[in-house]
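Peer 1: The structure follows.
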Amino acid sequence: MTDLPTRSVDLKAVLSGSSPTVAKDDHSEGMSYLQSVPRRMVTLYLPLAIIVIVLLFPFYWMALTSVKPDEQLLDLDRYNPFWTWNPTFKHFHKLLFESYYPYWLWNTMYVAVCATVLSIIASVLAAYAIVRLRYKGANLVGGLIFLAYLVPPSILFIPLATVVFQYGLFDSPLALILTYPTILIPFSTWLLMGYFKTIPFELEECALIDGASRWQILVKIVLPLAIPGLISAFIFCFTLCWNEFIYALTFLQSTSNKTVPVAIVNEFVDGDIYRWGSLMAGALAGSLPLVILYAFFVEHYVSAMTGAVKE
Amino acid sequence: MADVAIPRAKPHMSEDSAWTQLKHNRNWLGFWFMVPAMAFLIFFLAYPLGLGIWLSFTDTRIGRVGHFVATENYEWLWDDSIFWLSVFNTLLYTFVASALKFAIGLYLALLLNENMPFKAMLRAMVLIPFIVPTVLSALAFWWIFDSQFSIISWSLRHLGIINQNINFLGDTTWARICVIFANIWRGVPFVAITLLAGLQTVSPSLYEAATLDGATRWQNFRFITYPLLTPIIAVVMTFSVLFTFTDFQLIWAMTRGGPVNATHLMATLSYQRAIIAGQLGEGAAISSAMIPFLLAAIMVSWFGLQRRKWQQGENND
């Protein structure tokens with residue numbers, strides 16, 4: 001379970017689109033030149049275009065709905081539903097100034113940042129201990145943490161609700177900050193274990209000989225070298241927190257304490273036939289921070305995703 | 001792999017005081033480093049997991065401490081047709097969605113692995129459905145599948161294929177198709193990008209050699225790509241099955257289990273019984289009933305990983 005693939009996956013190449021590294025190793029160029037352009041049209045570009053359009057259409061529709069005036073939303077016969085010539089920011093205005101949306105956004109951000117920071121600190125320590133201190137039973141603990149990754153929130157939320165209630169954390173953001181790490185720690189520990197393994201242990205030996213303590217080694221040598229891993233773990237954990245739903249739905253009650261996903265589902269879904277504009281505006285505004293973050297850190301994100309699977 | 005243990009900072013001397021032992025002994029140090037992670041996992045994961053199984057044997061309700069009722073909850077569920085319907089729905093949802101996610105994901109990965117213009121941008125765009133919170137994209141699907149103003153119904157009507165709007169989320173069969181579609185839509189990018197990472201480790205020279213030997217494109221895929229990808233497929237699919245099986249938020253945002261419980265999964269049913277109806281014991285029994293299925297998925301993952309070791313030939317550490 002702990003072995004690294006003999007041929008490591010080059011994560012940068014996955015996204016940068018450069019030719020695969022192995023191709024360079026053995027000087028082969030691939031065989032794409034064997035295919036004619038019309039053939040590539042049918043076997044490659046056409047199916048790819050269809051899949052990409054299907055994957056992105058809901059976002060287009062979300063964005064379009066959120067700027068359409070109400071009368072165009074529901075009148076599909078007089079207006080072309082696929083475009084609008086008079087966009088309006090009415091729905092966003094309503095969202096920002098006539099609802100709790102800014103609070104929800106703040107709650108989500110606050111919970112996500114706190115839970116992520118807590119989990120990363122715990123995971124760094126745990127991963128370092130498992131990989132480098134190699135105490136008795138380290139491999140067993142590593143395996144148990146992997147198993148913890150496979151325990152889904154949907155079988156834990158009922159007993160956790162009683163625990164949260166007993167500790168008096170019900171309806172407080174602290175309930176989420178303390179429970180989210182159970183989802184994040186197993187994942188980020190495994191990710192960081194992979195990163196720590198790649199750091200040559202000769203560096204640590206040198207530091208030990210020079211009289212550094214374990215703590216100093218971790219802070220001054222291992223962590224600076226593992227920064228890409230830390231960023232990956234941070235981004236991925238943050239996204240997971242933002243996405244989490246069932247705990248937030250169960251543990252929070254008052255309107256102003258909710259996180260964006262829960263609040264939109266519960267507070268915006270009323271009988272109003274004109275709700276769609278603000279509903280979609282809310283969904284868009286809740287997704288944008290993540291998409292922007294993702295746009296800046298695509299590589300880290302992918303390395304987190306594939307890294308956790310690879311281990 | 002750094003299998004070689006790092007030499008200790010100080011030779012282990014017998015006159016070390018207990019405090020130095022605590023500070024420098026590798027096992028004690030390891031223990032201190034593990035404390036924060038373990039505290040979280042024990043208090044908020046292991047303990048609730050055990051508590052959940054215990055609750056399933058009690059008649060606990062919200063606001064009332066329960067008594068031990070042995071297997072009464074399970075017996076009650078055994079005769080509950082809605083529970084069995086949710087089991088059926090969950091299995092159907094998991095199998096259909098996972099199989100299609102795998103097929104489309106693998107196909108997409110193979111397409112993205114080709115050389116083409118704007119490759120990097122395409123790959124980044126493909127992953128967006130996976131980034132956006134599930135609930136928010138589920139709401140977009142809810143609107144797309146609206147009974148009156150669905151854009152799909154509109155397009156099909158204008159193309160002359162149908163005469164009346166399809167009641168996507170109001171009809172049992174359509175509702176199942178819709179939630180499965182939304183789940184596939186969200187899962188495909190994950191499968192595709194992880195398999196793509198695996199594909200990139202396959203050397204093109206293998207395909208060249210096979211092609212010179214007269215292999216067709218299908219044979220190239222069947223006898224080179226597929227065997228080399230098996231280990232990563234095993235892991236990706238285990239995760240995919242696991243998260244599809246325990247899915248909650250997509251269903252909750254789109255249908256809440258309706259129409260007539262046709263899309264109730266075990267997770268949504270346990271939420272409904274435990275939190276909305278207040279029957280914590282019964283809800284816990286439903287979620288505990290998911291554990292055997294999860295164990296089966298974990299076993300598959302375990303054997304998938306075992307297999308990778310012999311495929312690599314050595315390095316059995």
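Following the order of the structure tokens, chains are lettered A, B, ..., residues in each are numbered from 1, and ligands are numbered from 1.
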Could you tell me, as a VMD selection string, which residues of segment 82-185 of chain B DSSP assigns to helix (DSSP H, G or I) when given the backbone?
Peer 2: chain B and resid 82 to 112 119 to 126 128 to 131 134 to 144 151 to 158 172 to 185
Peer 1: Skip segment 171-186 of chain A itself and residues of its chain fewer than 4 positions away, then list as a ChimeraX atom specification all residues within 8 Å of it, counting only C-alpha atoms.
Peer 2: /A:107,111-112,114-116,118-120,122-123,145-146,148-149,153,164,190,237,240-241,247-248,251-254,257 /B:37,40-41,44-45
Peer 1: May I ask you to extract the residues of chain B within 7 Å of chain A, using only C-alpha atoms, and to give them as a PyMOL selection string?
Peer 2: chain B and resi 1-2+6+9+26-27+30+33-34+36-37+40-41+44-45+48-49+51-52+111+119-120+123-124+126+129+131-136+140-141+149+185+194+196-198+200-201+203-205+208+235-236+246+249+253+267+274+280+284+287-288+305+317
Peer 1: Near Ile251 of chain B, within 10 Å and counting only C-alpha atoms, which residues show up once chain neighbours fewer than 3 positions away are dropped, as a PyMOL selection string?
Peer 2: chain B and resi 135+138+176+179-180+182-183+247-248+254-258+263-265+267-268
Peer 1: Record the distance separating atom CA of Ala262 of chain B and atom CA of Thr238 of chain B, expressed in Å with one decimal.
Peer 2: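 If I compute the distance from atom CA of Ala262 of chain B to atom CA of Thr238 of chain B, I get 25.3 Å.
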Peer 1: Write out as a list in words each polymer residue whose atoms come within 9 Å of Ile224 of chain B, counting only C-alpha atoms; drop sequence neighbours fewer than 4 positions from it.
Peer 2: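 Residues near the query, excluding close chain neighbours: Val202, Leu206, Tyr207, Ala210, Gln219, Asn220, Leu228 and Leu229 of chain B.
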Peer 1: Please produce an output containing C-alpha atoms for each residue in the selection, written as a PDB file, in the first residue's frame.
Peer 2:
```pdb
ATOM      1  CA  VAL B 202       2.484   4.416 -20.626  1.00  0.00           C
ATOM      2  CA  LEU B 206       4.829   0.179 -26.797  1.00  0.00           C
ATOM      3  CA  TYR B 207       2.084   1.258 -29.179  1.00  0.00           C
ATOM      4  CA  ALA B 210       2.479  -3.238 -31.395  1.00  0.00           C
ATOM      5  CA  GLN B 219      -5.896  -4.386 -29.694  1.00  0.00           C
ATOM      6  CA  ASN B 220      -3.576  -1.564 -28.699  1.00  0.00           C
ATOM      7  CA  LEU B 228      -1.111  -1.094 -17.596  1.00  0.00           C
ATOM      8  CA  LEU B 229      -3.962   0.987 -16.235  1.00  0.00           C
TER       9      LEU B 229
END
```
